[in-house]
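Engineer: This structure is in structure tokens; I'll ask about it shortly.
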Amino acid sequence: MIRKLLLLLTFFCLTASAQDTPNARQAKRVFNTAWNHIYGQEGVKFNYKLNILSLYKEEGYSCNKGKKSISEHKNTIIYDDGDLKHIVRTNKKIVELHDPKVNKKDEKLQMFKFEPDSYNYAIAKDPEGLLVTLEAKPGTKVKMKKIIALLTPGNYYPKKLRIKVSLFWATITFSNFQAGNIDDNLFIFPKEKYANYKIIDER
């Protein structure tokens with residue numbers, strides 16, 4: 001879930017008039033830097049807490065570098081080396097094998113589809129850092145109506161993201177954020193560790 005939400009925030013575009021303002025130019029530069037931290041080839045890792053309307057809550061760990069990723073939350077650990085995804089269900093002692101490319105075809109992700117030209121954005125100072133705000137342009141049919149990103153001044157690491165999808169808000173809070181120096185060995189599935197787990201091939 002956390003990786004899907006983060007993939008929504010890939011790039012920001014404004015209307016021609018808004019792009020000419022100093023505020024908009026700064027917002028673009030700052031958020032592009034934050035985006036490069038998350039999706040740059042050097043990789044990133046962090047802890048997170050996800051809250052959707054206080055009805056769904058999740059917390060865990062995520063690390064990604066290019067097409068590779070590893071994440072962990074309650075009873076679930078996911079190793080994705082870009083070619084094969086291992087989903088470990090620790091409570092059931094099973095390991096599921098998945099094709100990571102299949103997720104790209106998931107129709108549910110259309111709800112979170114990001115259309116850069118459908119938004120305006122701006123930046124402002126906040127007592128906790130820098131606030132980048134995106135709002136859907138009037139008349140656009142995007143599902144995500146508003147995105148608010150709280151960033152750390154200086155390095156522009158994300159501290160909190162709030163995303164309004166239709167009528168509900170999803171909030172992601174980050175901690176222990178580290179960009180760069182990510183070892184590729186982190187994404188290798190440790191099969192010896194789960195030698196006694198049942199393997200289920202879902203490909």
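By order in the structure tokens, chains are A, B, ...; within a chain, residues start at 1; ligands start at 1, following the order shown.
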Can you tell me which residues surround His86 (chain A) at a distance of at most 12 Å, considering only C-alpha atoms, apart from same-chain residues fewer than 3 positions away, and format the answer as a PyMOL selection string?

Structural biologist: chain A and resi 68-72+76-83+89+94-100+187-191+194+197+199-203

Engineer: Those same residues - N, CA and C atoms - I'd like them written as a JSON list (two decimals), in the first residue's frame.

Structural biologist:
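File result24.json, as written:
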```
[["chain", "number", "residue", "atom", "x", "y", "z"],
["A", 68, "LYS", "N", 13.57, -2.40, -7.58],
["A", 68, "LYS", "CA", 13.69, -3.30, -6.44],
["A", 68, "LYS", "C", 13.07, -2.68, -5.19],
["A", 69, "SER", "N", 12.52, -3.54, -4.32],
["A", 69, "SER", "CA", 11.94, -3.03, -3.08],
["A", 69, "SER", "C", 11.84, -4.12, -2.03],
["A", 70, "ILE", "N", 11.76, -3.68, -0.80],
["A", 70, "ILE", "CA", 11.45, -4.57, 0.32],
["A", 70, "ILE", "C", 10.59, -3.76, 1.29],
["A", 71, "SER", "N", 9.57, -4.39, 1.82],
["A", 71, "SER", "CA", 8.70, -3.70, 2.77],
["A", 71, "SER", "C", 8.23, -4.69, 3.83],
["A", 72, "GLU", "N", 7.86, -4.14, 4.98],
["A", 72, "GLU", "CA", 7.42, -5.00, 6.07],
["A", 72, "GLU", "C", 6.36, -4.29, 6.89],
["A", 76, "THR", "N", 3.58, -9.48, 7.41],
["A", 76, "THR", "CA", 3.88, -9.54, 5.97],
["A", 76, "THR", "C", 5.22, -8.89, 5.66],
["A", 77, "ILE", "N", 6.06, -9.62, 4.91],
["A", 77, "ILE", "CA", 7.33, -9.09, 4.43],
["A", 77, "ILE", "C", 7.38, -9.34, 2.92],
["A", 78, "ILE", "N", 7.69, -8.30, 2.16],
["A", 78, "ILE", "CA", 7.71, -8.42, 0.70],
["A", 78, "ILE", "C", 9.11, -8.13, 0.17],
["A", 79, "TYR", "N", 9.67, -9.08, -0.55],
["A", 79, "TYR", "CA", 10.95, -8.93, -1.24],
["A", 79, "TYR", "C", 10.67, -8.89, -2.74],
["A", 80, "ASP", "N", 11.08, -7.82, -3.40],
["A", 80, "ASP", "CA", 10.86, -7.68, -4.84],
["A", 80, "ASP", "C", 12.18, -7.29, -5.49],
["A", 81, "ASP", "N", 12.76, -8.21, -6.28],
["A", 81, "ASP", "CA", 14.04, -7.91, -6.93],
["A", 81, "ASP", "C", 13.86, -7.38, -8.35],
["A", 82, "GLY", "N", 12.61, -7.07, -8.71],
["A", 82, "GLY", "CA", 12.31, -6.55, -10.03],
["A", 82, "GLY", "C", 11.84, -7.61, -11.00],
["A", 83, "ASP", "N", 12.22, -8.86, -10.76],
["A", 83, "ASP", "CA", 11.83, -9.97, -11.62],
["A", 83, "ASP", "C", 10.89, -10.95, -10.93],
["A", 89, "ARG", "N", 4.14, -14.53, 4.50],
["A", 89, "ARG", "CA", 3.06, -14.41, 5.49],
["A", 89, "ARG", "C", 3.54, -15.12, 6.76],
["A", 94, "ILE", "N", 3.83, -19.16, 5.14],
["A", 94, "ILE", "CA", 3.81, -19.42, 3.71],
["A", 94, "ILE", "C", 4.57, -18.32, 2.98],
["A", 95, "VAL", "N", 5.07, -18.65, 1.78],
["A", 95, "VAL", "CA", 5.73, -17.68, 0.91],
["A", 95, "VAL", "C", 5.03, -17.72, -0.44],
["A", 96, "GLU", "N", 4.46, -16.60, -0.86],
["A", 96, "GLU", "CA", 3.79, -16.52, -2.15],
["A", 96, "GLU", "C", 4.76, -15.96, -3.19],
["A", 97, "LEU", "N", 4.74, -16.54, -4.39],
["A", 97, "LEU", "CA", 5.55, -16.05, -5.50],
["A", 97, "LEU", "C", 4.65, -15.29, -6.46],
["A", 98, "HIS", "N", 5.03, -14.05, -6.78],
["A", 98, "HIS", "CA", 4.22, -13.22, -7.67],
["A", 98, "HIS", "C", 5.09, -12.59, -8.75],
["A", 99, "ASP", "N", 4.47, -12.27, -9.87],
["A", 99, "ASP", "CA", 5.11, -11.51, -10.94],
["A", 99, "ASP", "C", 4.94, -10.03, -10.62],
["A", 100, "PRO", "N", 6.01, -9.29, -10.34],
["A", 100, "PRO", "CA", 5.87, -7.88, -9.97],
["A", 100, "PRO", "C", 5.25, -7.01, -11.05],
["A", 187, "PHE", "N", 17.53, -6.62, -1.08],
["A", 187, "PHE", "CA", 16.38, -7.04, -1.86],
["A", 187, "PHE", "C", 16.42, -8.53, -2.24],
["A", 188, "ILE", "N", 17.46, -9.22, -1.83],
["A", 188, "ILE", "CA", 17.58, -10.65, -2.13],
["A", 188, "ILE", "C", 16.78, -11.45, -1.12],
["A", 189, "PHE", "N", 15.91, -12.32, -1.60],
["A", 189, "PHE", "CA", 15.08, -13.13, -0.71],
["A", 189, "PHE", "C", 15.94, -14.15, 0.04],
["A", 190, "PRO", "N", 15.94, -14.11, 1.38],
["A", 190, "PRO", "CA", 16.75, -15.05, 2.17],
["A", 190, "PRO", "C", 16.06, -16.40, 2.33],
["A", 191, "LYS", "N", 16.15, -17.23, 1.30],
["A", 191, "LYS", "CA", 15.39, -18.49, 1.28],
["A", 191, "LYS", "C", 15.74, -19.42, 2.45],
["A", 194, "TYR", "N", 13.52, -18.96, 5.47],
["A", 194, "TYR", "CA", 12.14, -19.45, 5.39],
["A", 194, "TYR", "C", 12.08, -20.84, 4.77],
["A", 197, "TYR", "N", 8.94, -22.86, 5.33],
["A", 197, "TYR", "CA", 7.67, -22.26, 4.93],
["A", 197, "TYR", "C", 7.14, -22.95, 3.66],
["A", 199, "ILE", "N", 5.66, -23.00, 0.00],
["A", 199, "ILE", "CA", 5.76, -22.13, -1.18],
["A", 199, "ILE", "C", 4.48, -22.24, -2.00],
["A", 200, "ILE", "N", 3.88, -21.11, -2.31],
["A", 200, "ILE", "CA", 2.68, -21.07, -3.15],
["A", 200, "ILE", "C", 2.97, -20.17, -4.36],
["A", 201, "ASP", "N", 2.94, -20.75, -5.55],
["A", 201, "ASP", "CA", 3.25, -20.01, -6.78],
["A", 201, "ASP", "C", 1.97, -19.37, -7.31],
["A", 202, "GLU", "N", 1.91, -18.04, -7.26],
["A", 202, "GLU", "CA", 0.74, -17.30, -7.72],
["A", 202, "GLU", "C", 0.97, -16.64, -9.08],
["A", 203, "ARG", "N", 2.02, -16.98, -9.76],
["A", 203, "ARG", "CA", 2.32, -16.35, -11.05],
["A", 203, "ARG", "C", 1.40, -16.87, -12.16]]
```

Engineer: As a list in words, please: the residues near Ala124 (chain A) (cut-off 10 Å, only C-alpha atoms, same-chain neighbours under 2 positions excluded).

Structural biologist: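 Neighbouring residues, sequence-local ones excluded: Asn23, Gln26, Ala27, Ala122, Asp126, Gly129, Leu130, Leu131, Val132, Thr133 and Leu150 of chain A.
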
Engineer: Please run DSSP on the backbone and report, as number ranges by chain, all residues within region 24-133 of chain A that come out as strand (DSSP E or B).

Structural biologist: A: 44-52, 56-65, 68-73, 76-80, 85-89, 94-98, 119-126, 129-133

Engineer: Output C-alpha atoms of each residue in that selection to a file, as a compact mmCIF listing (two decimals), in the first residue's frame.

Structural biologist:
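result_21.txt, freshly written:
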```txt
# COMPACT_ATOMS: atom_id res chain seq x y z
CA VAL A 44 15.74 5.16 -0.11
CA LYS A 45 14.47 3.56 3.11
CA PHE A 46 12.14 4.74 5.86
CA ASN A 47 9.57 3.81 8.48
CA TYR A 48 6.00 4.89 7.96
CA LYS A 49 2.53 5.12 9.46
CA LEU A 50 -0.51 5.06 7.18
CA ASN A 51 -3.93 6.28 8.28
CA ILE A 52 -7.06 6.29 6.09
CA TYR A 56 -7.52 1.65 8.29
CA LYS A 57 -4.16 2.01 9.99
CA GLU A 58 -0.84 0.45 9.07
CA GLU A 59 2.76 0.98 10.08
CA GLY A 60 5.94 -0.58 8.87
CA TYR A 61 9.17 -0.28 6.95
CA SER A 62 9.84 0.31 3.24
CA CYS A 63 12.97 0.39 1.10
CA ASN A 64 13.18 0.79 -2.67
CA LYS A 65 15.86 1.30 -5.29
CA LYS A 68 13.69 -3.30 -6.44
CA SER A 69 11.94 -3.03 -3.08
CA ILE A 70 11.45 -4.57 0.32
CA SER A 71 8.70 -3.70 2.77
CA GLU A 72 7.42 -5.00 6.07
CA HIS A 73 4.25 -4.51 8.05
CA THR A 76 3.88 -9.54 5.97
CA ILE A 77 7.33 -9.09 4.43
CA ILE A 78 7.71 -8.42 0.70
CA TYR A 79 10.95 -8.93 -1.24
CA ASP A 80 10.86 -7.68 -4.84
CA LYS A 85 8.24 -10.92 -5.79
CA HIS A 86 8.23 -13.01 -2.61
CA ILE A 87 5.43 -12.26 -0.16
CA VAL A 88 6.09 -13.82 3.23
CA ARG A 89 3.06 -14.41 5.49
CA ILE A 94 3.81 -19.42 3.71
CA VAL A 95 5.73 -17.68 0.91
CA GLU A 96 3.79 -16.52 -2.15
CA LEU A 97 5.55 -16.05 -5.50
CA HIS A 98 4.22 -13.22 -7.67
CA TYR A 119 -3.03 20.15 -10.85
CA ASN A 120 -1.79 23.52 -9.61
CA TYR A 121 0.74 23.65 -6.80
CA ALA A 122 2.42 26.09 -4.43
CA ILE A 123 4.90 26.14 -1.56
CA ALA A 124 4.78 27.85 1.84
CA LYS A 125 6.69 27.83 5.12
CA ASP A 126 5.22 25.81 7.97
CA GLY A 129 9.03 22.57 7.62
CA LEU A 130 8.02 23.35 4.03
CA LEU A 131 4.51 22.71 2.75
CA VAL A 132 3.89 21.86 -0.93
CA THR A 133 0.22 21.82 -1.87
```

Engineer: What does the distance from CA of Lys198 (chain A) to CA of Lys67 (chain A) come to in Å, to one decimal?

Structural biologist: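 The value is 26.1 Å.
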
Engineer: Work out how far apart CA of Lys141 (chain A) and CA of Arg29 (chain A) are and give it in Å to one decimal.

Structural biologist: 26.4 Å

Engineer: Taking the chain letters and numbering used in this document, name the residues of region 6-154 of chain A that DSSP puts in alpha helix (DSSP H), as a list in words.

Structural biologist: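 Alpha helix (DSSP H) assignments inside region 6-154 of chain A correspond to Leu6, Leu7, Ala16, Ser17, Ala18, Gln19, Pro22, Asn23, Ala24, Arg25, Gln26, Ala27, Lys28, Arg29, Val30, Phe31, Asn32, Thr33, Ala34, Trp35, Asn36, His37, Ile38 and Tyr39 of chain A.
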
Engineer: If you count only C-alpha atoms, which residues fall within 9 Å of Gly40 (chain A), apart from same-chain ones fewer than 6 positions away, as a PyMOL selection string?

Structural biologist: chain A and resi 65-66+179-180

Engineer: Quick one, how far is CA of Ala136 (chain A) from CA of Leu161 (chain A)?

Structural biologist: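 Between these atoms lies a distance of 16.1 Å.
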
Engineer: Env of Trp169 (chain A): 9 Å cut, atoms = only C-alpha atoms, seq-sep filter 4 positions within chain, self excluded. Answer as a ChimeraX atom specification.

Structural biologist: /A:51-53,162-165

Engineer: Write a file of the selected residues as a compact mmCIF listing (two decimals), in the first residue's frame, keeping N, CA and C atoms.

Structural biologist:
```txt
# COMPACT_ATOMS: atom_id res chain seq x y z
N ASN A 51 -2.64 6.13 7.64
CA ASN A 51 -3.93 6.28 8.28
C ASN A 51 -4.95 6.73 7.23
N ILE A 52 -6.00 5.93 7.03
CA ILE A 52 -7.06 6.29 6.09
C ILE A 52 -8.35 6.43 6.88
N LEU A 53 -8.78 7.67 7.07
CA LEU A 53 -10.03 7.98 7.77
C LEU A 53 -10.12 7.36 9.17
N ARG A 162 -0.40 14.02 2.78
CA ARG A 162 -1.84 13.86 2.92
C ARG A 162 -2.43 13.89 1.51
N ILE A 163 -3.22 12.85 1.19
CA ILE A 163 -3.78 12.71 -0.15
C ILE A 163 -5.29 12.57 -0.03
N LYS A 164 -6.03 13.47 -0.70
CA LYS A 164 -7.48 13.39 -0.70
C LYS A 164 -7.93 12.68 -1.96
N VAL A 165 -8.51 11.49 -1.79
CA VAL A 165 -9.02 10.71 -2.91
C VAL A 165 -10.54 10.74 -2.84
```

Engineer: Restricting the calculation to only C-alpha atoms: of A:Thr90, A:Asn196, A:Thr140, A:Ser118, which residue gets closest to Lys74 (chain A)?

Structural biologist: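 Among the listed residues, the smallest separation from Lys74 (chain A) belongs to A:Thr90.
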